[in-house]
Each structure stands twice: as C-alpha cells, then as structure tokens.
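Q: My structure is stored as start25.pdb, with PDB, C-alpha atoms, pLDDT in the B column.
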```pdb
ATOM      1  CA  MET A   1      22.543 -26.795  40.874  1.00 78.00           C
ATOM      2  CA  ARG A   2      21.284 -25.793  37.419  1.00 75.00           C
ATOM      3  CA  PRO A   3      19.901 -22.338  36.722  1.00 77.00           C
ATOM      4  CA  PRO A   4      16.175 -22.175  35.975  1.00 80.00           C
ATOM      5  CA  PRO A   5      15.264 -22.595  32.311  1.00 78.00           C
ATOM      6  CA  ALA A   6      14.721 -19.482  30.242  1.00 89.00           C
ATOM      7  CA  ASP A   7      11.137 -18.390  29.643  1.00 94.00           C
ATOM      8  CA  TRP A   8      11.727 -17.999  25.889  1.00 96.00           C
ATOM      9  CA  LEU A   9      14.140 -19.698  23.490  1.00 96.00           C
ATOM     10  CA  LEU A  10      15.481 -18.985  20.027  1.00 96.00           C
ATOM     11  CA  GLU A  11      16.523 -22.057  18.067  1.00 95.00           C
ATOM     12  CA  ARG A  12      19.481 -21.433  15.801  1.00 95.00           C
ATOM     13  CA  GLY A  13      20.251 -23.245  12.569  1.00 92.00           C
ATOM     14  CA  LEU A  14      23.287 -25.393  11.921  1.00 89.00           C
ATOM     15  CA  ASN A  15      25.445 -22.418  10.928  1.00 86.00           C
ATOM     16  CA  LYS A  16      24.354 -20.535  14.097  1.00 79.00           C
ATOM     17  CA  THR A  17      23.749 -17.282  12.223  1.00 84.00           C
ATOM     18  CA  ASN A  18      20.105 -17.811  11.341  1.00 90.00           C
ATOM     19  CA  THR A  19      17.214 -18.293  13.732  1.00 93.00           C
ATOM     20  CA  VAL A  20      14.872 -21.099  12.749  1.00 95.00           C
ATOM     21  CA  ALA A  21      12.189 -20.988  15.487  1.00 96.00           C
ATOM     22  CA  VAL A  22      10.931 -19.339  18.654  1.00 97.00           C
ATOM     23  CA  HIS A  23       9.974 -21.606  21.576  1.00 96.00           C
ATOM     24  CA  VAL A  24       8.476 -21.349  25.053  1.00 96.00           C
ATOM     25  CA  GLY A  25      11.172 -22.156  27.620  1.00 91.00           C
ATOM     26  CA  GLY A  26       9.871 -25.602  28.566  1.00 88.00           C
ATOM     27  CA  CYS A  27       9.164 -26.852  25.034  1.00 92.00           C
ATOM     28  CA  TRP A  28       9.707 -30.592  24.859  1.00 92.00           C
ATOM     29  CA  THR A  29      10.921 -30.517  21.248  1.00 90.00           C
ATOM     30  CA  VAL A  30      14.131 -28.667  22.153  1.00 88.00           C
ATOM     31  CA  ARG A  31      14.597 -29.783  25.740  1.00 80.00           C
ATOM     32  CA  LYS A  32      18.074 -31.199  25.155  1.00 79.00           C
ATOM     33  CA  SER A  33      19.068 -29.141  22.143  1.00 83.00           C
ATOM     34  CA  SER A  34      22.339 -27.255  22.238  1.00 87.00           C
ATOM     35  CA  ARG A  35      21.147 -25.000  19.410  1.00 91.00           C
ATOM     36  CA  CYS A  36      18.818 -22.924  21.617  1.00 92.00           C
ATOM     37  CA  ILE A  37      19.612 -19.755  23.501  1.00 93.00           C
ATOM     38  CA  GLY A  38      17.530 -18.166  26.225  1.00 93.00           C
ATOM     39  CA  VAL A  39      16.149 -14.723  25.402  1.00 95.00           C
ATOM     40  CA  SER A  40      13.967 -12.082  27.005  1.00 95.00           C
ATOM     41  CA  GLN A  41      10.293 -11.703  26.236  1.00 95.00           C
ATOM     42  CA  GLU A  42      11.019  -8.600  24.160  1.00 96.00           C
ATOM     43  CA  GLN A  43      13.581 -10.477  22.052  1.00 96.00           C
ATOM     44  CA  ALA A  44      11.125 -13.329  21.465  1.00 96.00           C
ATOM     45  CA  VAL A  45       8.380 -10.902  20.384  1.00 96.00           C
ATOM     46  CA  ASP A  46      10.837  -9.084  18.110  1.00 96.00           C
ATOM     47  CA  ALA A  47      11.867 -12.373  16.476  1.00 95.00           C
ATOM     48  CA  LEU A  48       8.233 -13.313  15.830  1.00 95.00           C
ATOM     49  CA  ARG A  49       7.583  -9.899  14.306  1.00 95.00           C
ATOM     50  CA  GLN A  50      10.599 -10.423  12.044  1.00 95.00           C
ATOM     51  CA  GLN A  51       8.892 -13.549  10.647  1.00 94.00           C
ATOM     52  CA  VAL A  52      10.874 -16.153  12.613  1.00 95.00           C
ATOM     53  CA  PRO A  53       8.480 -19.134  12.769  1.00 95.00           C
ATOM     54  CA  ALA A  54       6.826 -20.066  16.040  1.00 96.00           C
ATOM     55  CA  CYS A  55       7.121 -23.665  17.224  1.00 96.00           C
ATOM     56  CA  THR A  56       3.969 -25.549  16.254  1.00 94.00           C
ATOM     57  CA  HIS A  57       4.060 -27.559  19.489  1.00 95.00           C
ATOM     58  CA  CYS A  58       4.496 -24.957  22.234  1.00 95.00           C
ATOM     59  CA  ARG A  59       2.933 -21.981  20.328  1.00 95.00           C
ATOM     60  CA  PRO A  60       4.938 -19.037  21.730  1.00 95.00           C
ATOM     61  CA  ASP A  61       3.054 -16.667  19.425  1.00 94.00           C
ATOM     62  CA  THR A  62      -0.157 -17.479  21.296  1.00 93.00           C
ATOM     63  CA  ALA A  63       1.508 -17.196  24.703  1.00 92.00           C
ATOM     64  CA  LEU A  64       3.002 -13.829  23.738  1.00 92.00           C
ATOM     65  CA  ARG A  65      -0.220 -12.693  22.027  1.00 90.00           C
ATOM     66  CA  VAL A  66       1.572 -12.068  18.750  1.00 86.00           C
ATOM     67  CA  LEU A  67      -0.791 -13.487  16.174  1.00 75.00           C
ATOM     68  CA  ASP A  68      -0.784 -12.856  12.435  1.00 62.00           C
TER      69      ASP A  68
END
```
What do you get writing this file as structure tokens?

A:
Amino acid sequence: MRPPPADWLLERGLNKTNTVAVHVGGCWTVRKSSRCIGVSQEQAVDALRQQVPACTHCRPDTALRVLD
C-alpha cells in the first residue's frame, strides 16, 4: 500500500541542487516525476518567498495565500 501523496511538492532541477518549482501535492504535471520531493506547508511557503516559481497549472501560491 502506497503512502498518501504529500500536500506540497518541490520540483528539483536536473542537478538536484536547485529548486525549479513549487507544486500542490496532486498536480498532474509532476504526477510521475522522480524529481519532486514532498515538503511541509512551511517549507513550500518559504520556497515561494525565496522566489522559487509557482506551478502555473496547480497555483500553490494561491492555495497558500502567498501572492506577489
């Protein structure tokens, strides 16, 4: 049995040291991606505040109420 999906995801780049996007846990664009890691809500908010782009499809910035 699989664990439940994370509520928030950080998508890493190819070199795995940079973060390229923040996603809502069920985002269809990264559903099968191995480059995403589950994070807490606080980590997702912190990433958005550090100018990591929000996914344009699932809009985690809106869900987290972190708008520019």

Q: Taking the file as shown, find all residues satisfying the PyMOL selection byres ((chain A and resi 7) around 9) and write them as a list in words.

A: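 Taken on the displayed file, the PyMOL selection byres ((chain A and resi 7) around 9) yields the residues Pro4, Pro5, Ala6, Trp8, Leu9, His23, Val24, Gly25, Gly26, Gly38, Val39, Ser40 and Gln41 of chain A.
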
Q: Would you write out, as a ChimeraX atom specification, every residue that the PyMOL selection byres ((chain A and resi 54) around 12) captures in this file?

A: /A:8-11,19-24,27,44-53,55-68

Q: Kindly compute an axis-aligned box around the listed atoms of stretch 25-32 of chain A, allowing 5 Å on each side, and express its centre and edge lengths in Å to one decimal as lines of an AutoDock Vina configuration file.

A:
```
center_x = 13.6
center_y = -26.7
center_z = 24.9
size_x = 18.9
size_y = 19.0
size_z = 17.3
```

Q: Hey, can you check how far atom CA of A:Pro3 sits from atom CA of A:Asn18?

A: 25.8 Å

Q: Enter the distance from atom CA of A:Glu42 to atom CA of A:Met1, in Å, rounded to one decimal.

A: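 One can read the atom CA of A:Glu42 to atom CA of A:Met1 distance as 27.3 Å.
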